[in-house]
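Colleague: Provided below: input.pdb, containing PDB, C-alpha atoms, pLDDT in the B column.
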ATOM      1  CA  MET C   1     -54.190 -86.073 -63.465  1.00 74.00           C
ATOM      2  CA  GLU C   2     -50.637 -85.331 -64.567  1.00 90.00           C
ATOM      3  CA  MET C   3     -49.940 -82.294 -66.754  1.00 92.00           C
ATOM      4  CA  THR C   4     -47.049 -81.073 -68.842  1.00 92.00           C
ATOM      5  CA  VAL C   5     -45.290 -77.880 -67.850  1.00 93.00           C
ATOM      6  CA  GLY C   6     -47.268 -75.965 -70.474  1.00 94.00           C
ATOM      7  CA  ALA C   7     -50.626 -77.308 -69.310  1.00 95.00           C
ATOM      8  CA  ALA C   8     -49.774 -76.669 -65.646  1.00 96.00           C
ATOM      9  CA  ALA C   9     -48.622 -73.142 -66.467  1.00 96.00           C
ATOM     10  CA  GLU C  10     -51.816 -72.422 -68.392  1.00 96.00           C
ATOM     11  CA  ALA C  11     -53.993 -73.839 -65.607  1.00 96.00           C
ATOM     12  CA  ALA C  12     -52.195 -71.616 -63.064  1.00 97.00           C
ATOM     13  CA  GLY C  13     -52.154 -68.505 -65.250  1.00 97.00           C
ATOM     14  CA  VAL C  14     -48.370 -68.245 -65.462  1.00 97.00           C
ATOM     15  CA  SER C  15     -45.722 -68.900 -68.089  1.00 97.00           C
ATOM     16  CA  ALA C  16     -43.931 -72.203 -68.541  1.00 95.00           C
ATOM     17  CA  LYS C  17     -40.693 -70.280 -67.989  1.00 96.00           C
ATOM     18  CA  ALA C  18     -41.976 -69.158 -64.562  1.00 96.00           C
ATOM     19  CA  VAL C  19     -42.844 -72.756 -63.660  1.00 95.00           C
ATOM     20  CA  ARG C  20     -39.327 -73.909 -64.548  1.00 93.00           C
ATOM     21  CA  LEU C  21     -37.761 -71.018 -62.622  1.00 95.00           C
ATOM     22  CA  TRP C  22     -39.872 -71.582 -59.523  1.00 95.00           C
ATOM     23  CA  GLU C  23     -39.080 -75.286 -59.609  1.00 93.00           C
ATOM     24  CA  SER C  24     -35.353 -74.531 -59.900  1.00 93.00           C
ATOM     25  CA  LYS C  25     -35.588 -72.138 -56.914  1.00 94.00           C
ATOM     26  CA  GLY C  26     -37.226 -74.820 -54.769  1.00 93.00           C
ATOM     27  CA  LEU C  27     -40.695 -73.286 -54.591  1.00 95.00           C
ATOM     28  CA  LEU C  28     -42.063 -76.472 -56.125  1.00 93.00           C
ATOM     29  CA  PRO C  29     -40.824 -79.949 -55.356  1.00 88.00           C
ATOM     30  CA  PRO C  30     -38.819 -81.432 -58.231  1.00 85.00           C
ATOM     31  CA  ALA C  31     -41.286 -82.426 -60.938  1.00 83.00           C
ATOM     32  CA  GLN C  32     -41.929 -86.027 -61.771  1.00 86.00           C
ATOM     33  CA  ARG C  33     -40.578 -87.030 -65.165  1.00 89.00           C
ATOM     34  CA  THR C  34     -41.970 -89.179 -67.928  1.00 87.00           C
ATOM     35  CA  ASP C  35     -39.874 -91.930 -69.484  1.00 87.00           C
ATOM     36  CA  ALA C  36     -39.033 -89.399 -72.198  1.00 89.00           C
ATOM     37  CA  GLY C  37     -37.800 -86.918 -69.556  1.00 87.00           C
ATOM     38  CA  TYR C  38     -40.701 -84.454 -69.700  1.00 88.00           C
ATOM     39  CA  ARG C  39     -41.767 -82.804 -66.451  1.00 88.00           C
ATOM     40  CA  THR C  40     -45.231 -83.650 -65.165  1.00 92.00           C
ATOM     41  CA  PHE C  41     -47.246 -81.697 -62.641  1.00 94.00           C
ATOM     42  CA  SER C  42     -50.211 -82.583 -60.445  1.00 93.00           C
ATOM     43  CA  ARG C  43     -53.288 -80.593 -59.415  1.00 95.00           C
ATOM     44  CA  ASP C  44     -51.515 -79.888 -56.101  1.00 94.00           C
ATOM     45  CA  ASP C  45     -48.587 -78.416 -58.042  1.00 94.00           C
ATOM     46  CA  VAL C  46     -50.994 -76.181 -59.966  1.00 96.00           C
ATOM     47  CA  ASP C  47     -52.485 -74.992 -56.652  1.00 96.00           C
ATOM     48  CA  VAL C  48     -48.975 -74.075 -55.469  1.00 96.00           C
ATOM     49  CA  LEU C  49     -48.310 -72.268 -58.758  1.00 97.00           C
ATOM     50  CA  ARG C  50     -51.490 -70.240 -58.259  1.00 97.00           C
ATOM     51  CA  PHE C  51     -50.425 -69.451 -54.695  1.00 96.00           C
ATOM     52  CA  ILE C  52     -47.031 -68.239 -55.940  1.00 96.00           C
ATOM     53  CA  ARG C  53     -48.691 -66.085 -58.610  1.00 97.00           C
ATOM     54  CA  GLN C  54     -50.972 -64.501 -56.008  1.00 96.00           C
ATOM     55  CA  ALA C  55     -48.103 -63.973 -53.555  1.00 95.00           C
ATOM     56  CA  LYS C  56     -46.063 -62.267 -56.274  1.00 95.00           C
ATOM     57  CA  ALA C  57     -49.063 -60.011 -56.965  1.00 94.00           C
ATOM     58  CA  LEU C  58     -48.709 -58.902 -53.321  1.00 92.00           C
ATOM     59  CA  ASP C  59     -45.076 -58.026 -54.130  1.00 91.00           C
ATOM     60  CA  LEU C  60     -43.593 -60.857 -52.089  1.00 95.00           C
ATOM     61  CA  THR C  61     -40.183 -61.987 -53.287  1.00 95.00           C
ATOM     62  CA  LEU C  62     -39.467 -65.541 -54.351  1.00 96.00           C
ATOM     63  CA  GLY C  63     -37.376 -65.961 -51.199  1.00 95.00           C
ATOM     64  CA  GLU C  64     -40.252 -64.800 -49.022  1.00 95.00           C
ATOM     65  CA  ILE C  65     -42.673 -67.066 -50.873  1.00 96.00           C
ATOM     66  CA  LYS C  66     -40.295 -70.016 -50.440  1.00 96.00           C
ATOM     67  CA  ASP C  67     -40.113 -69.331 -46.683  1.00 94.00           C
ATOM     68  CA  ILE C  68     -43.924 -69.362 -46.482  1.00 95.00           C
ATOM     69  CA  LEU C  69     -44.194 -72.577 -48.487  1.00 95.00           C
ATOM     70  CA  ASP C  70     -41.459 -74.227 -46.408  1.00 93.00           C
ATOM     71  CA  LEU C  71     -43.313 -73.355 -43.200  1.00 92.00           C
ATOM     72  CA  GLN C  72     -46.517 -74.845 -44.582  1.00 92.00           C
ATOM     73  CA  ARG C  73     -44.739 -77.979 -45.784  1.00 91.00           C
ATOM     74  CA  CYS C  74     -43.268 -78.468 -42.300  1.00 91.00           C
ATOM     75  CA  GLY C  75     -46.747 -78.351 -40.807  1.00 90.00           C
ATOM     76  CA  ALA C  76     -46.602 -74.814 -39.413  1.00 90.00           C
ATOM     77  CA  ALA C  77     -49.276 -72.198 -40.024  1.00 90.00           C
ATOM     78  CA  PRO C  78     -47.499 -69.515 -42.079  1.00 90.00           C
ATOM     79  CA  CYS C  79     -50.067 -66.736 -41.662  1.00 91.00           C
ATOM     80  CA  GLY C  80     -48.118 -65.037 -38.849  1.00 92.00           C
ATOM     81  CA  ARG C  81     -45.059 -64.893 -41.092  1.00 91.00           C
ATOM     82  CA  VAL C  82     -47.200 -63.566 -43.946  1.00 93.00           C
ATOM     83  CA  THR C  83     -48.560 -60.808 -41.697  1.00 94.00           C
ATOM     84  CA  THR C  84     -45.016 -59.808 -40.716  1.00 94.00           C
ATOM     85  CA  LEU C  85     -43.939 -59.731 -44.362  1.00 94.00           C
ATOM     86  CA  LEU C  86     -46.952 -57.676 -45.422  1.00 94.00           C
ATOM     87  CA  ASP C  87     -46.336 -55.204 -42.577  1.00 96.00           C
ATOM     88  CA  ALA C  88     -42.737 -54.803 -43.763  1.00 95.00           C
ATOM     89  CA  HIS C  89     -43.893 -54.237 -47.346  1.00 94.00           C
ATOM     90  CA  ILE C  90     -46.455 -51.662 -46.200  1.00 96.00           C
ATOM     91  CA  ALA C  91     -43.744 -49.827 -44.229  1.00 97.00           C
ATOM     92  CA  GLU C  92     -41.492 -49.838 -47.303  1.00 96.00           C
ATOM     93  CA  ILE C  93     -44.296 -48.438 -49.472  1.00 96.00           C
ATOM     94  CA  ASP C  94     -44.927 -45.713 -46.870  1.00 97.00           C
ATOM     95  CA  ARG C  95     -41.213 -44.832 -46.918  1.00 97.00           C
ATOM     96  CA  LYS C  96     -41.190 -44.682 -50.717  1.00 97.00           C
ATOM     97  CA  LEU C  97     -44.311 -42.519 -50.747  1.00 98.00           C
ATOM     98  CA  SER C  98     -42.670 -40.132 -48.289  1.00 97.00           C
ATOM     99  CA  ASP C  99     -39.532 -40.016 -50.446  1.00 97.00           C
ATOM    100  CA  LEU C 100     -41.631 -39.383 -53.549  1.00 97.00           C
ATOM    101  CA  ARG C 101     -43.522 -36.537 -51.841  1.00 97.00           C
ATOM    102  CA  ALA C 102     -40.194 -34.975 -50.841  1.00 94.00           C
ATOM    103  CA  MET C 103     -38.894 -35.375 -54.400  1.00 92.00           C
ATOM    104  CA  ARG C 104     -42.048 -33.760 -55.760  1.00 95.00           C
ATOM    105  CA  ARG C 105     -41.590 -30.775 -53.449  1.00 92.00           C
ATOM    106  CA  THR C 106     -37.964 -30.460 -54.609  1.00 86.00           C
ATOM    107  CA  LEU C 107     -38.995 -30.587 -58.263  1.00 86.00           C
ATOM    108  CA  VAL C 108     -41.782 -28.036 -57.809  1.00 89.00           C
ATOM    109  CA  GLU C 109     -39.365 -25.696 -56.032  1.00 85.00           C
ATOM    110  CA  ALA C 110     -36.676 -26.189 -58.706  1.00 82.00           C
ATOM    111  CA  ARG C 111     -39.202 -25.390 -61.427  1.00 82.00           C
ATOM    112  CA  ARG C 112     -40.390 -22.293 -59.549  1.00 84.00           C
ATOM    113  CA  ALA C 113     -36.835 -21.062 -58.954  1.00 80.00           C
ATOM    114  CA  ALA C 114     -35.930 -21.595 -62.610  1.00 78.00           C
ATOM    115  CA  ARG C 115     -39.010 -19.693 -63.775  1.00 81.00           C
ATOM    116  CA  ASP C 116     -38.146 -16.813 -61.404  1.00 82.00           C
ATOM    117  CA  SER C 117     -34.522 -16.750 -62.636  1.00 78.00           C
ATOM    118  CA  GLN C 118     -35.687 -16.728 -66.237  1.00 77.00           C
ATOM    119  CA  ARG C 119     -38.060 -13.811 -65.543  1.00 81.00           C
ATOM    120  CA  ARG C 120     -35.151 -11.873 -64.033  1.00 81.00           C
ATOM    121  CA  GLY C 121     -33.116 -12.560 -67.179  1.00 79.00           C
ATOM    122  CA  GLU C 122     -30.396 -14.475 -65.374  1.00 73.00           C
ATOM    123  CA  ASP C 123     -28.152 -16.610 -67.543  1.00 69.00           C
ATOM    124  CA  ALA C 124     -27.424 -20.220 -66.816  1.00 65.00           C
ATOM    125  CA  VAL C 125     -24.225 -22.135 -67.502  1.00 57.00           C
ATOM    126  CA  VAL C 126     -26.252 -25.043 -68.888  1.00 62.00           C
ATOM    127  CA  CYS C 127     -29.692 -25.164 -67.306  1.00 72.00           C
ATOM    128  CA  ARG C 128     -30.849 -22.995 -64.424  1.00 65.00           C
ATOM    129  CA  ILE C 129     -33.333 -25.651 -63.263  1.00 67.00           C
ATOM    130  CA  ILE C 130     -30.604 -28.123 -62.401  1.00 70.00           C
ATOM    131  CA  GLU C 131     -28.017 -25.551 -61.337  1.00 70.00           C
ATOM    132  CA  THR C 132     -30.297 -24.029 -58.715  1.00 68.00           C
ATOM    133  CA  ALA C 133     -31.978 -27.221 -57.481  1.00 68.00           C
ATOM    134  CA  ASP C 134     -31.691 -27.713 -53.750  1.00 70.00           C
ATOM    135  CA  THR C 135     -31.010 -31.445 -53.570  1.00 67.00           C
ATOM    136  CA  ALA C 136     -29.614 -31.543 -50.067  1.00 63.00           C
TER     137      ALA C 136
END
Output the file's structure as structure tokens, nothing else.
Modeller:
Amino acid sequence: MEMTVGAAAEAAGVSAKAVRLWESKGLLPPAQRTDAGYRTFSRDDVDVLRFIRQAKALDLTLGEIKDILDLQRCGAAPCGRVTTLLDAHIAEIDRKLSDLRAMRRTLVEARRAARDSQRRGEDAVVCRIIETADTA
């Protein structure tokens, strides 16, 4: 059963704009066209669109998703590549969490120092919180 871009997008739970973008980026094979020039999509295309949507929900980039799809289309099992990508994303999240914890400590200390300066009646040029923040 052939579907229009809108019907395929709805069936996959994505926007028609996303379908067009993903097709232009090579994540989908070029769509078949009707005599009037409208794109048509198959059930297999909708399955790929759903896969892309789910991969994006895992924070994979379009480039990473394309690599996975290309491996599968060439007959290779892409799960090893997916595991490597997910491990890299987990490591990046861990790094960001560490950075955020460090930023939180800096902010808590800046707020404490500003409160102490204010209690001592010290003047600030503009704002003691920023002027005394240890951002090194």
Colleague: Return the single residue from C:Glu2, C:Arg120, C:Ala102, C:Ala12 that is closest to Gln54 of chain C, with distances computed using only C-alpha atoms.
Modeller: C:Ala12
Colleague: May I ask which of the residues C:Ser117, C:Ser98, C:Thr40, C:Thr106 is the closest one to Glu23 of chain C, counting all atoms listed in the file?
Modeller: C:Thr40
Colleague: Taking the file above as input, evaluate the PyMOL selection byres ((chain C and resi 28) around 9) and report the hits as a PyMOL selection string.
Modeller: chain C and resi 19+22-27+29-31+45+48-49+66+69
Colleague: Would you output that residue set with C-alpha atoms, as a PDB file, in the coordinates of the input?
Modeller:
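For reference, result-v2.pdb as written:
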ATOM      1  CA  VAL C  19     -42.844 -72.756 -63.660  1.00 95.00           C
ATOM      2  CA  TRP C  22     -39.872 -71.582 -59.523  1.00 95.00           C
ATOM      3  CA  GLU C  23     -39.080 -75.286 -59.609  1.00 93.00           C
ATOM      4  CA  SER C  24     -35.353 -74.531 -59.900  1.00 93.00           C
ATOM      5  CA  LYS C  25     -35.588 -72.138 -56.914  1.00 94.00           C
ATOM      6  CA  GLY C  26     -37.226 -74.820 -54.769  1.00 93.00           C
ATOM      7  CA  LEU C  27     -40.695 -73.286 -54.591  1.00 95.00           C
ATOM      8  CA  PRO C  29     -40.824 -79.949 -55.356  1.00 88.00           C
ATOM      9  CA  PRO C  30     -38.819 -81.432 -58.231  1.00 85.00           C
ATOM     10  CA  ALA C  31     -41.286 -82.426 -60.938  1.00 83.00           C
ATOM     11  CA  ASP C  45     -48.587 -78.416 -58.042  1.00 94.00           C
ATOM     12  CA  VAL C  48     -48.975 -74.075 -55.469  1.00 96.00           C
ATOM     13  CA  LEU C  49     -48.310 -72.268 -58.758  1.00 97.00           C
ATOM     14  CA  LYS C  66     -40.295 -70.016 -50.440  1.00 96.00           C
ATOM     15  CA  LEU C  69     -44.194 -72.577 -48.487  1.00 95.00           C
TER      16      LEU C  69
END
Colleague: Using only C-alpha atoms, which of C:Met3, C:Ala77, C:Leu21, C:Leu58 sits nearest Arg43 of chain C?
Modeller: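 Answer, going by the shortest atom-to-atom distance: C:Met3.
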Colleague: Taking into account only C-alpha atoms, which residue in the set C:Ile130, C:Leu85, C:Val14, C:Ala91 is nearest to Val46 of chain C?
Modeller: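 The answer is C:Val14, which sits nearest to Val46 of chain C.
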Colleague: Considering only C-alpha atoms, return as a list in words whatever protein or nucleic-acid residues lie within 12 Å of Asp134 of chain C, sequence-local ones (same chain, fewer than 6 positions apart) excluded.
Modeller: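 The residues satisfying every condition are Ala102, Met103, Arg105, Thr106, Leu107, Val108, Glu109, Ala110, Arg111, Arg112, Ala113, Ala114 and Arg128 of chain C.
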Colleague: Could you check how far atom CA of Val5 of chain C sits from atom CA of Thr34 of chain C, in Å to one decimal?
Modeller: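 If I compute the distance from atom CA of Val5 of chain C to atom CA of Thr34 of chain C, I get 11.8 Å.
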Colleague: For Val82 of chain C, which of C:Asp70, C:Asp99, C:Asp94, C:Glu64 is the closest residue, counting all atoms listed in the file?
Modeller: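 Using all atoms listed in the file, the shortest distance to Val82 of chain C belongs to C:Glu64.
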Colleague: What is the distance between atom CA of Arg81 of chain C and atom CA of Arg95 of chain C, in Å to one decimal?
Modeller: 21.2 Å
Colleague: Taking all atoms listed in the file into account, name the residue in C:Gly13, C:Gly121, C:Gly37, C:Gly63 that is nearest to Arg50 of chain C.
Modeller: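 Smallest distance to Arg50 of chain C is found for C:Gly13.
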Colleague: Would you compute the distance between atom CA of Ala7 of chain C and atom CA of Phe41 of chain C? Give it in Å to one decimal.
Modeller: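 Atom CA of Phe41 of chain C lies at a distance of 8.7 Å from atom CA of Ala7 of chain C.
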Colleague: Leaving out Ala16 of chain C and any residue of its chain fewer than 6 positions from it, which residues lie within 8 Å of it when counting only C-alpha atoms, given as a PyMOL selection string?
Modeller: chain C and resi 5-6+8-10
Colleague: What are the centre and edge lengths in Å, to one decimal, of the axis-aligned box around all listed atoms of segment 23-26 of chain C with 4 Å added on each side, as JSON?
Modeller:
{"center_x": -37.2, "center_y": -73.7, "center_z": -57.3, "size_x": 11.7, "size_y": 11.1, "size_z": 13.1}
